[in-house]
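For reference, final_23.cif is printed below; it contains mmCIF, C-alpha atoms and all ligand atoms.
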data_start
#
loop_
_atom_site.group_PDB
_atom_site.id
_atom_site.type_symbol
_atom_site.label_atom_id
_atom_site.label_comp_id
_atom_site.auth_asym_id
_atom_site.auth_seq_id
_atom_site.Cartn_x
_atom_site.Cartn_y
_atom_site.Cartn_z
ATOM 1 C CA MET A 1 31.211 -27.119 -21.755
ATOM 2 C CA MET A 2 33.314 -24.283 -20.394
ATOM 3 C CA GLU A 3 34.337 -26.578 -17.529
ATOM 4 C CA ILE A 4 35.468 -29.262 -19.969
ATOM 5 C CA THR A 5 37.590 -26.872 -22.015
ATOM 6 C CA ALA A 6 39.020 -24.984 -19.016
ATOM 7 C CA ARG A 7 41.343 -27.906 -18.339
ATOM 8 C CA VAL A 8 42.375 -28.535 -21.939
ATOM 9 C CA TRP A 9 45.894 -27.349 -22.877
ATOM 10 C CA GLU A 10 46.287 -25.544 -19.543
ATOM 11 C CA GLY A 11 43.346 -23.290 -20.225
ATOM 12 C CA THR A 12 44.490 -22.156 -23.673
ATOM 13 C CA ASP A 13 41.821 -24.058 -25.608
ATOM 14 C CA TYR A 14 40.380 -21.947 -28.433
ATOM 15 C CA LEU A 15 36.884 -23.381 -28.033
ATOM 16 C CA PRO A 16 35.552 -20.900 -25.437
ATOM 17 C CA ARG A 17 36.304 -18.133 -27.945
ATOM 18 C CA VAL A 18 34.257 -19.734 -30.709
ATOM 19 C CA PHE A 19 31.458 -21.518 -28.827
ATOM 20 C CA ASP A 20 28.748 -18.932 -29.409
ATOM 21 C CA ARG A 21 29.559 -18.818 -33.106
ATOM 22 C CA TRP A 22 29.562 -22.626 -33.295
ATOM 23 C CA LEU A 23 26.199 -22.992 -31.598
ATOM 24 C CA ALA A 24 24.666 -20.357 -33.868
ATOM 25 C CA ASP A 25 26.016 -21.882 -37.104
ATOM 26 C CA PRO A 26 23.173 -23.622 -38.939
ATOM 27 C CA GLY A 27 25.529 -25.088 -41.573
ATOM 28 C CA SER A 28 27.378 -27.295 -39.065
ATOM 29 C CA THR A 29 26.365 -30.131 -36.757
ATOM 30 C CA PHE A 30 27.287 -29.710 -33.082
ATOM 31 C CA GLU A 31 26.688 -32.763 -30.887
ATOM 32 C CA VAL A 32 27.140 -33.544 -27.207
ATOM 33 C CA ALA A 33 27.283 -36.771 -25.188
ATOM 34 C CA GLU A 34 25.564 -36.782 -21.822
ATOM 35 C CA GLU A 35 25.805 -38.986 -18.785
ATOM 36 C CA GLN A 36 23.062 -38.610 -16.186
ATOM 37 C CA GLY A 37 22.074 -35.245 -17.572
ATOM 38 C CA THR A 38 25.605 -33.825 -17.630
ATOM 39 C CA VAL A 39 27.493 -33.017 -20.817
ATOM 40 C CA VAL A 40 30.674 -35.123 -20.833
ATOM 41 C CA ALA A 41 31.859 -34.705 -24.422
ATOM 42 C CA PHE A 42 31.166 -32.876 -27.660
ATOM 43 C CA HIS A 43 32.307 -32.446 -31.241
ATOM 44 C CA ARG A 44 31.256 -30.740 -34.429
ATOM 45 C CA LEU A 45 31.040 -31.476 -38.154
ATOM 46 C CA ARG A 46 31.631 -28.519 -40.474
ATOM 47 C CA PRO A 47 31.318 -28.827 -44.266
ATOM 48 C CA LEU A 48 34.565 -27.825 -45.995
ATOM 49 C CA SER A 49 33.804 -28.333 -49.663
ATOM 50 C CA ALA A 50 31.603 -30.499 -51.850
ATOM 51 C CA GLY A 51 31.656 -33.955 -50.254
ATOM 52 C CA VAL A 52 34.253 -33.132 -47.600
ATOM 53 C CA VAL A 53 33.485 -32.396 -43.953
ATOM 54 C CA LEU A 54 35.768 -31.318 -41.101
ATOM 55 C CA TYR A 55 35.595 -33.045 -37.715
ATOM 56 C CA GLU A 56 36.599 -30.600 -35.001
ATOM 57 C CA GLY A 57 36.392 -29.726 -31.348
ATOM 58 C CA LEU A 58 36.346 -33.280 -29.969
ATOM 59 C CA ARG A 59 36.620 -32.900 -26.193
ATOM 60 C CA VAL A 60 35.956 -35.368 -23.392
ATOM 61 C CA ALA A 61 35.664 -34.218 -19.756
ATOM 62 C CA GLU A 62 38.790 -35.230 -17.845
ATOM 63 C CA GLU A 63 37.040 -37.498 -15.343
ATOM 64 C CA HIS A 64 35.328 -39.415 -18.177
ATOM 65 C CA ARG A 65 38.414 -40.157 -20.247
ATOM 66 C CA ARG A 66 39.835 -43.584 -21.167
ATOM 67 C CA ARG A 67 36.417 -45.179 -21.165
ATOM 68 C CA GLY A 68 35.775 -45.186 -24.891
ATOM 69 C CA VAL A 69 33.719 -41.964 -24.983
ATOM 70 C CA ALA A 70 35.864 -40.340 -27.722
ATOM 71 C CA ARG A 71 35.808 -43.477 -29.848
ATOM 72 C CA ALA A 72 32.013 -43.674 -29.551
ATOM 73 C CA MET A 73 31.697 -39.960 -30.420
ATOM 74 C CA LEU A 74 33.976 -40.353 -33.420
ATOM 75 C CA ARG A 75 32.119 -43.397 -34.738
ATOM 76 C CA HIS A 76 28.857 -41.537 -34.362
ATOM 77 C CA GLY A 77 30.374 -38.532 -36.169
ATOM 78 C CA LEU A 78 31.503 -40.752 -39.044
ATOM 79 C CA GLU A 79 28.017 -42.221 -39.389
ATOM 80 C CA GLU A 80 26.395 -38.813 -39.178
ATOM 81 C CA ALA A 81 28.724 -37.438 -41.871
ATOM 82 C CA ALA A 82 28.045 -40.426 -44.134
ATOM 83 C CA SER A 83 24.301 -40.058 -43.626
ATOM 84 C CA GLN A 84 24.561 -36.383 -44.621
ATOM 85 C CA GLY A 85 26.106 -37.533 -47.912
ATOM 86 C CA PHE A 86 29.758 -36.611 -47.324
ATOM 87 C CA ARG A 87 32.357 -38.863 -48.946
ATOM 88 C CA GLU A 88 35.333 -37.864 -46.786
ATOM 89 C CA LEU A 89 35.885 -36.635 -43.253
ATOM 90 C CA ARG A 90 39.038 -34.735 -42.264
ATOM 91 C CA VAL A 91 40.514 -33.781 -38.957
ATOM 92 C CA ILE A 92 43.546 -31.886 -37.693
ATOM 93 C CA THR A 93 44.937 -32.547 -34.248
ATOM 94 C CA GLY A 94 48.022 -31.796 -32.233
ATOM 95 C CA ASN A 95 47.357 -34.486 -29.629
ATOM 96 C CA PRO A 96 49.270 -37.803 -29.973
ATOM 97 C CA ALA A 97 46.502 -39.623 -28.057
ATOM 98 C CA ALA A 98 43.969 -38.393 -30.601
ATOM 99 C CA CYS A 99 46.326 -39.511 -33.405
ATOM 100 C CA GLN A 100 46.198 -43.027 -31.993
ATOM 101 C CA LEU A 101 42.434 -42.881 -31.918
ATOM 102 C CA PHE A 102 42.145 -41.673 -35.533
ATOM 103 C CA GLU A 103 44.724 -44.153 -36.832
ATOM 104 C CA SER A 104 42.975 -47.024 -35.075
ATOM 105 C CA GLU A 105 39.712 -45.962 -36.763
ATOM 106 C CA GLY A 106 41.191 -46.239 -40.256
ATOM 107 C CA PHE A 107 42.194 -42.630 -40.905
ATOM 108 C CA ARG A 108 45.115 -42.003 -43.276
ATOM 109 C CA ARG A 109 47.625 -39.305 -42.430
ATOM 110 C CA LEU A 110 47.619 -36.448 -44.947
ATOM 111 C CA VAL A 111 50.399 -34.363 -43.468
ATOM 112 C CA HIS A 112 52.405 -33.888 -40.285
ATOM 113 C CA CYS A 113 53.824 -30.447 -39.540
ATOM 114 C CA ALA A 114 56.288 -29.287 -36.944
ATOM 115 C CA VAL A 115 56.365 -25.668 -35.784
ATOM 116 C CA TRP A 116 59.143 -23.213 -36.645
ATOM 117 C CA LEU A 117 59.314 -19.843 -34.892
ATOM 118 C CA ALA A 118 61.069 -16.561 -35.698
ATOM 119 C CA GLY A 119 60.926 -13.237 -33.894
ATOM 120 C CA ARG A 120 59.694 -9.984 -35.385
ATOM 121 C CA VAL A 121 62.267 -7.705 -36.995
ATOM 122 C CA GLU A 122 61.974 -4.135 -38.148
ATOM 123 C CA GLY A 123 62.702 -3.963 -41.856
ATOM 124 C CA PRO A 124 61.693 -2.257 -45.050
ATOM 125 C CA ASP A 125 60.911 -4.974 -47.572
ATOM 126 C CA LEU A 126 57.493 -6.442 -46.931
ATOM 127 C CA PRO A 127 56.690 -9.508 -49.043
ATOM 128 C CA ARG A 128 54.556 -9.058 -52.126
ATOM 129 C CA LEU A 129 50.923 -10.215 -52.165
ATOM 130 C CA ALA A 130 50.043 -12.514 -55.068
ATOM 131 C CA SER A 131 47.079 -11.443 -57.199
ATOM 132 C CA PRO A 132 44.315 -13.878 -58.280
ATOM 133 C CA GLU A 133 45.597 -13.618 -61.890
ATOM 134 C CA GLU A 134 48.877 -15.197 -60.836
ATOM 135 C CA VAL A 135 47.231 -18.294 -59.361
ATOM 136 C CA PRO A 136 47.475 -20.704 -62.338
ATOM 137 C CA GLY A 137 51.209 -20.002 -62.711
ATOM 138 C CA LEU A 138 51.811 -20.265 -58.958
ATOM 139 C CA LEU A 139 49.971 -23.570 -58.788
ATOM 140 C CA ALA A 140 51.954 -25.034 -61.699
ATOM 141 C CA ARG A 141 55.197 -23.987 -60.014
ATOM 142 C CA LEU A 142 54.069 -25.299 -56.628
ATOM 143 C CA ARG A 143 53.182 -28.703 -58.088
ATOM 144 C CA GLU A 144 56.789 -29.061 -59.231
ATOM 145 C CA ASP A 145 58.292 -27.854 -55.971
ATOM 146 C CA PRO A 146 59.638 -30.554 -53.593
ATOM 147 C CA ALA A 147 57.437 -28.954 -50.895
ATOM 148 C CA TRP A 148 54.350 -30.220 -52.749
ATOM 149 C CA GLU A 149 55.149 -33.792 -51.877
ATOM 150 C CA VAL A 150 55.990 -33.224 -48.204
ATOM 151 C CA TYR A 151 52.737 -31.316 -47.649
ATOM 152 C CA GLY A 152 50.869 -34.070 -49.502
ATOM 153 C CA GLY A 153 49.160 -31.505 -51.740
ATOM 154 C CA VAL A 154 47.209 -30.216 -48.728
ATOM 155 C CA ASN A 155 47.127 -26.856 -46.947
ATOM 156 C CA ALA A 156 47.645 -27.686 -43.252
ATOM 157 C CA ASP A 157 45.443 -24.899 -41.934
ATOM 158 C CA TRP A 158 43.290 -25.655 -38.849
ATOM 159 C CA GLU A 159 40.359 -23.837 -40.379
ATOM 160 C CA GLN A 160 40.397 -25.464 -43.761
ATOM 161 C CA VAL A 161 42.306 -28.697 -44.439
ATOM 162 C CA ALA A 162 41.917 -28.186 -48.162
ATOM 163 C CA GLU A 163 43.492 -29.508 -51.351
ATOM 164 C CA LEU A 164 45.977 -27.114 -52.897
ATOM 165 C CA ASP A 165 43.999 -26.477 -56.037
ATOM 166 C CA GLU A 166 43.107 -23.475 -58.138
ATOM 167 C CA GLN A 167 39.965 -22.796 -56.144
ATOM 168 C CA LEU A 168 41.803 -22.658 -52.815
ATOM 169 C CA LEU A 169 44.696 -20.545 -54.092
ATOM 170 C CA GLY A 170 42.218 -18.238 -55.854
ATOM 171 C CA GLN A 171 40.369 -17.750 -52.589
ATOM 172 C CA LEU A 172 43.570 -17.154 -50.611
ATOM 173 C CA ALA A 173 44.833 -14.670 -53.225
ATOM 174 C CA ALA A 174 41.520 -12.792 -53.121
ATOM 175 C CA GLU A 175 41.812 -12.620 -49.312
ATOM 176 C CA GLY A 176 45.378 -11.302 -49.531
ATOM 177 C CA ARG A 177 46.838 -14.446 -47.925
ATOM 178 C CA ILE A 178 49.529 -15.440 -50.462
ATOM 179 C CA ARG A 179 53.026 -13.967 -50.223
ATOM 180 C CA VAL A 180 55.471 -14.523 -53.087
ATOM 181 C CA GLY A 181 59.083 -13.933 -54.028
ATOM 182 C CA PRO A 182 60.150 -12.502 -57.405
ATOM 183 C CA GLY A 183 58.534 -14.340 -60.313
ATOM 184 C CA GLY A 184 56.529 -16.449 -57.860
ATOM 185 C CA ARG A 185 59.642 -18.527 -57.166
ATOM 186 C CA ALA A 186 58.923 -18.781 -53.425
ATOM 187 C CA LEU A 187 55.535 -18.822 -51.810
ATOM 188 C CA ALA A 188 53.944 -18.676 -48.354
ATOM 189 C CA LEU A 189 50.279 -19.191 -47.470
ATOM 190 C CA LEU A 190 48.995 -17.297 -44.433
ATOM 191 C CA VAL A 191 46.515 -18.532 -41.844
ATOM 192 C CA ALA A 192 43.411 -16.331 -41.544
ATOM 193 C CA ASN A 193 43.099 -15.678 -37.807
ATOM 194 C CA PRO A 194 46.456 -16.109 -36.098
ATOM 195 C CA HIS A 195 46.788 -15.325 -32.394
ATOM 196 C CA ASN A 196 50.025 -13.729 -31.390
ATOM 197 C CA ARG A 197 52.161 -14.572 -34.447
ATOM 198 C CA LEU A 198 51.783 -14.233 -38.167
ATOM 199 C CA ALA A 199 51.073 -17.853 -39.086
ATOM 200 C CA VAL A 200 52.110 -19.652 -42.248
ATOM 201 C CA SER A 201 50.487 -22.961 -43.200
ATOM 202 C CA LEU A 202 52.683 -23.749 -46.221
ATOM 203 C CA VAL A 203 55.964 -22.561 -47.611
ATOM 204 C CA ALA A 204 57.615 -23.499 -50.915
ATOM 205 C CA GLY A 205 60.761 -22.510 -52.790
ATOM 206 C CA SER A 206 64.401 -22.582 -51.791
ATOM 207 C CA GLY A 207 67.644 -20.641 -51.615
ATOM 208 C CA ALA A 208 68.084 -16.875 -51.510
ATOM 209 C CA ILE A 209 64.592 -16.127 -52.873
ATOM 210 C CA LEU A 210 62.924 -18.162 -50.149
ATOM 211 C CA GLN A 211 65.211 -16.655 -47.515
ATOM 212 C CA ASP A 212 64.200 -13.147 -48.619
ATOM 213 C CA LEU A 213 60.549 -14.108 -48.415
ATOM 214 C CA LEU A 214 60.958 -15.608 -44.929
ATOM 215 C CA MET A 215 62.814 -12.499 -43.778
ATOM 216 C CA GLY A 216 60.023 -10.403 -45.302
ATOM 217 C CA LEU A 217 57.502 -12.306 -43.201
ATOM 218 C CA ARG A 218 59.448 -11.333 -40.077
ATOM 219 C CA PHE A 219 59.257 -7.682 -41.206
ATOM 220 C CA GLU A 220 55.554 -8.063 -41.898
ATOM 221 C CA ALA A 221 55.014 -9.558 -38.423
ATOM 222 C CA ASP A 222 56.698 -6.503 -36.950
ATOM 223 C CA SER A 223 54.718 -4.044 -39.035
ATOM 224 C CA GLN A 224 51.458 -5.688 -37.965
ATOM 225 C CA GLY A 225 52.331 -5.842 -34.283
ATOM 226 C CA TYR A 226 52.794 -9.618 -34.029
ATOM 227 C CA GLU A 227 55.447 -11.217 -31.802
ATOM 228 C CA GLY A 228 56.913 -12.959 -34.808
ATOM 229 C CA VAL A 229 56.161 -15.733 -37.280
ATOM 230 C CA ARG A 230 54.866 -19.273 -36.681
ATOM 231 C CA LEU A 231 55.573 -21.546 -39.605
ATOM 232 C CA PHE A 232 54.034 -24.995 -40.035
ATOM 233 C CA ALA A 233 56.262 -27.279 -42.070
ATOM 234 C CA PRO A 234 56.772 -31.039 -42.265
ATOM 235 C CA PRO A 235 59.913 -32.113 -40.353
ATOM 236 C CA ARG A 236 61.448 -33.281 -43.641
ATOM 237 C CA HIS A 237 60.686 -30.039 -45.498
ATOM 238 C CA PRO A 238 63.427 -29.774 -48.161
ATOM 239 C CA SER A 239 64.170 -26.124 -47.291
ATOM 240 C CA GLY A 240 64.675 -26.483 -43.545
ATOM 241 C CA ASP A 241 68.240 -25.167 -43.903
ATOM 242 C CA ASP A 242 66.910 -21.978 -45.500
ATOM 243 C CA PHE A 243 64.500 -21.503 -42.582
ATOM 244 C CA ALA A 244 67.407 -21.769 -40.126
ATOM 245 C CA GLU A 245 69.577 -19.427 -42.206
ATOM 246 C CA VAL A 246 67.191 -16.491 -41.611
ATOM 247 C CA GLY A 247 66.516 -16.982 -37.918
ATOM 248 C CA TYR A 248 63.750 -19.581 -37.770
ATOM 249 C CA HIS A 249 64.142 -22.365 -35.219
ATOM 250 C CA LEU A 250 62.200 -25.539 -34.548
ATOM 251 C CA ALA A 251 59.977 -24.961 -31.548
ATOM 252 C CA HIS A 252 60.373 -27.634 -28.901
ATOM 253 C CA GLY A 253 57.440 -28.640 -26.804
ATOM 254 C CA GLN A 254 55.052 -26.875 -29.170
ATOM 255 C CA VAL A 255 52.020 -28.663 -30.469
ATOM 256 C CA GLN A 256 52.696 -30.492 -33.706
ATOM 257 C CA ARG A 257 49.978 -30.610 -36.297
ATOM 258 C CA TYR A 258 48.663 -33.794 -37.882
ATOM 259 C CA ALA A 259 45.990 -33.853 -40.579
ATOM 260 C CA TYR A 260 44.015 -37.026 -41.277
ATOM 261 C CA ALA A 261 41.315 -38.124 -43.679
ATOM 262 C CA ARG A 262 38.852 -40.996 -43.684
ATOM 263 C CA GLU A 263 36.744 -42.108 -46.625
ATOM 264 C CA LEU A 264 33.104 -42.615 -45.713
ATOM 265 C CA ASP A 265 31.735 -44.759 -48.542
ATOM 266 C CA ALA A 266 32.854 -47.938 -46.750
ATOM 267 C CA LEU A 267 30.550 -47.217 -43.781
HETATM 268 C C1 LIG B 1 41.881 -37.119 -26.878
HETATM 269 C C2 LIG B 1 40.563 -37.341 -26.129
HETATM 270 C C3 LIG B 1 39.415 -36.797 -26.974
HETATM 271 C C4 LIG B 1 40.371 -38.850 -25.891
HETATM 272 O O1 LIG B 1 39.148 -39.081 -25.226
HETATM 273 P P1 LIG B 1 38.825 -40.467 -24.466
HETATM 274 O O2 LIG B 1 37.361 -40.565 -24.273
HETATM 275 O O3 LIG B 1 39.677 -40.579 -23.282
HETATM 276 O O4 LIG B 1 39.317 -41.554 -25.543
HETATM 277 P P2 LIG B 1 38.870 -43.085 -25.600
HETATM 278 O O5 LIG B 1 38.718 -43.646 -24.219
HETATM 279 O O6 LIG B 1 37.699 -43.231 -26.500
HETATM 280 O O7 LIG B 1 40.157 -43.729 -26.267
HETATM 281 C C5 LIG B 1 40.243 -43.935 -27.659
HETATM 282 C C6 LIG B 1 41.683 -44.164 -28.047
HETATM 283 O O8 LIG B 1 42.412 -42.953 -27.964
HETATM 284 C C7 LIG B 1 43.765 -43.224 -27.538
HETATM 285 N N1 LIG B 1 43.982 -42.550 -26.252
HETATM 286 C C8 LIG B 1 43.058 -41.863 -25.533
HETATM 287 N N2 LIG B 1 43.642 -41.310 -24.457
HETATM 288 C C9 LIG B 1 44.936 -41.656 -24.489
HETATM 289 C C10 LIG B 1 46.058 -41.391 -23.665
HETATM 290 N N3 LIG B 1 45.951 -40.634 -22.557
HETATM 291 N N4 LIG B 1 47.267 -41.888 -24.022
HETATM 292 C C11 LIG B 1 47.397 -42.637 -25.129
HETATM 293 N N5 LIG B 1 46.362 -42.942 -25.955
HETATM 294 C C12 LIG B 1 45.159 -42.456 -25.638
HETATM 295 C C13 LIG B 1 43.886 -44.710 -27.410
HETATM 296 O O9 LIG B 1 44.321 -45.216 -28.647
HETATM 297 C C14 LIG B 1 42.451 -45.114 -27.153
HETATM 298 O O10 LIG B 1 42.191 -46.419 -27.556
HETATM 299 P P3 LIG B 1 42.358 -47.646 -26.469
HETATM 300 O O11 LIG B 1 41.561 -47.233 -25.290
HETATM 301 O O12 LIG B 1 41.800 -48.799 -27.217
HETATM 302 O O13 LIG B 1 43.814 -47.717 -26.177
HETATM 303 C C15 LIG B 1 40.564 -36.636 -24.735
HETATM 304 O O14 LIG B 1 41.757 -37.005 -24.064
HETATM 305 C C16 LIG B 1 40.494 -35.130 -24.800
HETATM 306 O O15 LIG B 1 39.414 -34.531 -24.804
HETATM 307 N N6 LIG B 1 41.674 -34.469 -24.850
HETATM 308 C C17 LIG B 1 41.783 -33.019 -24.911
HETATM 309 C C18 LIG B 1 41.290 -32.448 -26.226
HETATM 310 C C19 LIG B 1 41.902 -33.073 -27.449
HETATM 311 O O16 LIG B 1 43.099 -33.226 -27.579
HETATM 312 N N7 LIG B 1 41.021 -33.419 -28.400
HETATM 313 C C20 LIG B 1 41.402 -34.026 -29.670
HETATM 314 C C21 LIG B 1 41.475 -32.960 -30.684
HETATM 315 S S1 LIG B 1 40.797 -33.489 -32.216
#
Before we go any further, please render this structure as structure tokens.
Amino acid sequence: MMEITARVWEGTDYLPRVFDRWLADPGSTFEVAEEQGTVVAFHRLRPLSAGVVLYEGLRVAEEHRRRGVARAMLRHGLEEAASQGFRELRVITGNPAACQLFESEGFRRLVHCAVWLAGRVEGPDLPRLASPEEVPGLLARLREDPAWEVYGGVNADWEQVAELDEQLLGQLAAEGRIRVGPGGRALALLVANPHNRLAVSLVAGSGAILQDLLMGLRFEADSQGYEGVRLFAPPRHPSGDDFAEVGYHLAHGQVQRYAYARELDAL
């Protein structure tokens, strides 16, 4: 398995870091495909919430690609998920080839995010953390924000492609992962385990309040020793101009992020 992942994304695949945890996780289903006793592909199913399961870690060994192995794995994964009683399977990928595979297997696209980057800056005003008590008000405001529609009501986080509902925001608030502007009029959701940059999976709001929040995230990145901020936002995010105004730029050549879902009752 290490051999398979060593050549994925020029050796930067995250799977070697999580393999041991994955294999030891009794709540998930990890499966491999073998040819003549050698592992040539694998994937995993991880329950996300009642009825919804995440499909992740699909990898096919380079010399076995373009022979239908991934499609066979995916179809098996769909059947396995349906047989375990899940009603929907979700997946996030940054690979256009994988997008073609998922679209050809009847997946609908939930959200597509591009990557914006900004460097760290030393500064005094760190953004405020939202408390769990604020969640109902924040959710009501978010539902009316133009960002709601472009994110499709979904948090585009690799770990947890979840609906933006009270349960999710409550959990994120309890984990200290919601940053807000004054009166909750701008909002950013943080990713749990970022690598080198503070990572934001959703941003809402506009104008000066959003700009202050985005600047605050750059200060926070600095204070926590990150290189800067990585922001995932749909290319047609209504506040793109605000991002640019405070030093964020669209990253070229960076992996884009596509989230898909597939209903399982038809299987
Ligand atoms: C993406 C990946 C899983 C595909 O595996 P595979 O076994 O070669 O895929 P298949 O032969 O089953 O092809 C299924 C479909 O995927 C698409 N596809 C696969 N490789 C492709 C490529 N290089 N270019 C364009 N489309 C491609 C095609 O639509 C293909 O259908 P077709 O053969 O009818 O045209 C494999 O390339 C891989 O492991 N990549 C690195 C890891 C990764 O990106 N995983 C996906 C993350 S969820």
**Q.** Nearby residues, ligand LIG 1 (chain B), 9 Å, only C-alpha atoms and all ligand atoms, as an NGL selection string
**A.** :A and (4-5 or 7-9 or 13 or 41-43 or 55-74 or 91-104)
Q: Could you please determine the separation between atom CA of A:Leu110 and atom CA of A:Arg179 in Å, to one decimal place?
A: 23.7 Å
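Minimum atom-to-atom distance to A:Tyr14, evaluated using all atoms listed in the file, belongs to A:Pro194 out of A:Val40, A:Pro132, A:Leu187, A:Pro194.
Here the PyMOL selection byres (((chain A and resi 127) around 8) and not hetatm) catches exactly these residues: Asp125, Leu126, Arg128, Leu129, Arg179, Val180, Gly181, Leu213, Gly216, Leu217 and Glu220 of chain A.
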For the structure shown, which residues end up in the PyMOL selection byres (((chain A and resi 170) around 12) and not hetatm)? Put them as a compact mmCIF listing (two decimals) with C-alpha atoms, keeping the file's coordinate frame, please?
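Contents of the output file expr22.txt:
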# COMPACT_ATOMS: atom_id res chain seq x y z
CA ALA A 130 50.04 -12.51 -55.07
CA SER A 131 47.08 -11.44 -57.20
CA PRO A 132 44.32 -13.88 -58.28
CA GLU A 133 45.60 -13.62 -61.89
CA GLU A 134 48.88 -15.20 -60.84
CA VAL A 135 47.23 -18.29 -59.36
CA PRO A 136 47.48 -20.70 -62.34
CA GLY A 137 51.21 -20.00 -62.71
CA LEU A 138 51.81 -20.26 -58.96
CA LEU A 139 49.97 -23.57 -58.79
CA LEU A 164 45.98 -27.11 -52.90
CA ASP A 165 44.00 -26.48 -56.04
CA GLU A 166 43.11 -23.48 -58.14
CA GLN A 167 39.97 -22.80 -56.14
CA LEU A 168 41.80 -22.66 -52.82
CA LEU A 169 44.70 -20.54 -54.09
CA GLN A 171 40.37 -17.75 -52.59
CA LEU A 172 43.57 -17.15 -50.61
CA ALA A 173 44.83 -14.67 -53.22
CA ALA A 174 41.52 -12.79 -53.12
CA GLU A 175 41.81 -12.62 -49.31
CA GLY A 176 45.38 -11.30 -49.53
CA ARG A 177 46.84 -14.45 -47.92
CA ILE A 178 49.53 -15.44 -50.46
CA LEU A 189 50.28 -19.19 -47.47
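Going from atom CA of A:Glu149 to atom CA of A:Arg87 covers 23.5 Å.
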Q: Select, from A:Ile209, A:Leu117, A:Val229, A:Leu54, the residue with the minimum atom-to-atom distance to A:Asp157, counting only C-alpha atoms.
A: A:Leu54
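Distances from A:Val115, A:Val53, A:His237, A:Val32 to A:Leu89 were compared using only C-alpha atoms, and the smallest one belongs to A:Val53.
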Within 12 Å of stretch 255-262 of chain A, which residues of stretch 128-235 of chain A come that close, and what is the closest atom pair and distance in Å for each? Count all atoms listed in the file and give it as CSV.
residue,atom,partner,partner_atom,distance
A:Tyr151,CA,A:Ala259,CA,10.1
A:Gly152,CA,A:Ala259,CA,10.2
A:Gly153,CA,A:Ala259,CA,11.8
A:Val154,CA,A:Ala259,CA,9.0
A:Asn155,CA,A:Ala259,CA,9.5
A:Ala156,CA,A:Ala259,CA,6.9
A:Asp157,CA,A:Ala259,CA,9.1
A:Trp158,CA,A:Arg257,CA,8.7
A:Glu159,CA,A:Ala259,CA,11.5
A:Gln160,CA,A:Ala259,CA,10.6
A:Val161,CA,A:Ala259,CA,7.4
A:Ala162,CA,A:Ala259,CA,10.3
A:Glu163,CA,A:Ala261,CA,11.7
A:Ser201,CA,A:Arg257,CA,10.3
A:Arg230,CA,A:Val255,CA,11.6
A:Leu231,CA,A:Gln256,CA,11.1
A:Phe232,CA,A:Arg257,CA,7.9
A:Ala233,CA,A:Arg257,CA,9.2
A:Pro234,CA,A:Arg257,CA,9.1
A:Pro235,CA,A:Gln256,CA,9.9
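Here atom CA of A:Ala208 stands at a distance of 13.2 Å from atom CA of A:Gly183.
Applied to the file shown here, the PyMOL selection byres (((chain A and resi 251) around 8) and not hetatm) selects Ala114, Val115, Trp116, Leu117, His249, Leu250, His252, Gly253 and Gln254 of chain A.
Restricting the calculation to only C-alpha atoms, the smallest distance between A:Gly119 and any of A:Glu3, A:Asp242, A:Thr12, A:Leu198 is found for A:Leu198.
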